[in-house]
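This report concerns only the one structure given below.
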Amino acid sequence: MSFVRNADEEANHLKRAITTGLFLFPFLFLLTSCWSRHELNDISIVVGLGIDKAGESYKITVQTVNPGQVTVKKGGSSNATAVITYEETGMTVPDALSRMSVKAPRYLHYSHLRMVVFGEDMARAGISKPLDFLSRNMDMRTDFYFIVAKQAKASEVLKVLSAMDPIPANNMYTKLETSDKYWSATGSMNLNYLLQELATHGKSPTMTGVEILGNRKIGEKTSNAQYVDPPALLIYSGMAAFKFDRFVGWLNENDTEALNYVQNSVYQTTGYIPCPGAEGNITMQVIRSNTVIHPHLVSGLPEFDVNVRIDQDIADVECKIDLSQAAVVAALKQLSDSKLETLIGESIAKIQRKLGADIYGFGDAFHHKYPKAWHQIKNWNEVFRTIKVRVHVDSTLRRVGTILQPINQITTE
């Protein structure tokens, strides 16, 4: 009897082992994570992608890393560039990239893509079709930034070499990331955020513009990176405003600053106001900002109050005033609030009149608060042109610095 029990137990144990093995077998495929791997020697790392319009086709430019020049390698040529660009034309973006394989010696790898540049003509024609490819490509991450070439082609922007960073796309990426944190006249836009804004009714997207200053031909040569004052330089200049997926106009520095305040994307920035009752200016350093948009439905029409609260420090004083006096501090607050209210209010009115694109998100805020009234609006961009917007700024002066009297007053007494 014990022999039979042992045989039964062994049979049951075997059944359990087989069952467990069959259950775990499919998971073995999940552990083979190298099915799509590419050897480093077989790939070209793409860091920049430029998209231009060429008639009915697309002109695509890719900026790839030249590993022999990026790494510190003995015997490397000092005249060679750290990047190589390839251009090709196709009826679609993937068609052009596939045709590029006859020029690029290695497989184009996109996991380290940093910047996507739209030429101004491409942005004006509409960016939804190229975005479809960028959204579907599983080799790409979503943390790269979009910019628009101002009065230039994307291919020209990607060919300008930089002295600070041998890889121009990295230089543009870090420069935009830094500027976005410390200066309110630019803004970063990644893929997820762009797709979200394109899908949002009542909010039109914007992208920072990039401009080529100086000689574009010299900018393509390695000698451009050898000057203290380079003959060609890439700078961020304003923002491109879109209506749906089409570029409709440029925002200048003041318009961009106003936009960032309204959509609550100011982290730190600097501004100045005239000295109260004296000649000169006072520089204010904004250290915190918070904006809330309050929609209202008045007589069946949408109206908005934009409440901006900022904390700021005094960074510089160029006139003779006494910051220990409460009346002086109150005057500074009034001047600061009034200047920012005027800047934002005039900019909104200008965008309403000239572009008619709700880049601020007023429609989205109205939609959330009054969904029934929103669904009765057929064309929000037309309504946006006529809405009333009231701007209210409340600033708080946190610190005046380690001295109360300005230096020029101390030295003259």
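Just so we're on the same page: first chain in the structure tokens is A, next is B, and so on; residues restart at 1 for each chain, and ligands are numbered from 1 in the order they show up.
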
Got a sec: who's within 7 Å of Ile282 in chain A, counting only C-alpha atoms, leaving out chain neighbours fewer than 6 positions off, as a PDB file with N, CA and C atoms, in the first residue's frame?
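Result written to part.pdb:
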ATOM      1  N   TYR A 272      12.359  94.824 -15.431  1.00  0.00           N
ATOM      2  CA  TYR A 272      12.752  96.077 -14.792  1.00  0.00           C
ATOM      3  C   TYR A 272      11.584  97.059 -14.823  1.00  0.00           C
ATOM      4  N   ILE A 273      11.612  97.999 -13.874  1.00  0.00           N
ATOM      5  CA  ILE A 273      10.602  99.056 -13.787  1.00  0.00           C
ATOM      6  C   ILE A 273      11.336 100.381 -13.558  1.00  0.00           C
ATOM      7  N   PRO A 274      10.731 101.501 -13.929  1.00  0.00           N
ATOM      8  CA  PRO A 274      11.376 102.796 -13.671  1.00  0.00           C
ATOM      9  C   PRO A 274      11.361 103.106 -12.178  1.00  0.00           C
ATOM     10  N   CYS A 275      12.394 103.776 -11.731  1.00  0.00           N
ATOM     11  CA  CYS A 275      12.459 104.161 -10.318  1.00  0.00           C
ATOM     12  C   CYS A 275      11.353 105.172 -10.003  1.00  0.00           C
ATOM     13  N   ASP A 316      18.738  94.742  -8.680  1.00  0.00           N
ATOM     14  CA  ASP A 316      19.625  95.843  -9.043  1.00  0.00           C
ATOM     15  C   ASP A 316      18.867  97.161  -8.892  1.00  0.00           C
ATOM     16  N   VAL A 317      19.535  98.173  -8.354  1.00  0.00           N
ATOM     17  CA  VAL A 317      18.950  99.501  -8.197  1.00  0.00           C
ATOM     18  C   VAL A 317      19.894 100.520  -8.826  1.00  0.00           C
ATOM     19  N   GLU A 318      19.362 101.324  -9.755  1.00  0.00           N
ATOM     20  CA  GLU A 318      20.201 102.287 -10.467  1.00  0.00           C
ATOM     21  C   GLU A 318      19.755 103.721 -10.218  1.00  0.00           C
TER      22      GLU A 318
END

Please identify which residues in range 256-372 of chain A DSSP calls strand (DSSP E or B) from the backbone, and express them as a ChimeraX atom specification.
/A:269-274,281-298,301-317

Enumerate as JSON, numbers by chain all residues of range 219-401 of chain A assigned to alpha helix (DSSP H) by DSSP on the backbone, naming them with the chain letters and numbers the document uses.
{"A": [219, 253, 254, 255, 256, 257, 258, 259, 260, 261, 262, 326, 327, 328, 329, 330, 331, 332, 333, 334, 335, 336, 337, 338, 339, 340, 341, 342, 343, 344, 345, 346, 347, 348, 349, 350, 351, 352, 353, 354, 362, 363, 364, 365, 366, 367, 368, 369, 371, 372, 373, 374, 375, 380, 381, 382, 383, 384]}

For Lys333 in chain A, which residue among A:Asp313, A:Asp180, A:Asp229, A:Glu87 is the nearest when counting only C-alpha atoms?
A:Asp313

Using only C-alpha atoms, the shortest atom-to-atom distance to Pro295 in chain A among A:Pro371, A:Gly119, A:Gly55, A:Gly277 belongs to A:Pro371

Which is closer to Cys319 in chain A than all the others in A:Thr342, A:Arg141, A:Ile293, A:Ala278, using only C-alpha atoms?
A:Ala278

Top pick for closest residue to Asn290 in chain A, considering A:Tyr267, A:Phe304, A:Tyr107, A:Tyr370 and counting only C-alpha atoms:
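So, comparing all the options, the nearest one is A:Tyr267.
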
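With only C-alpha atoms as the atoms that count, the residue of A:Ala96, A:Ile147, A:Ile167, A:Val308 with the shortest distance to Thr64 in chain A is A:Ile167.
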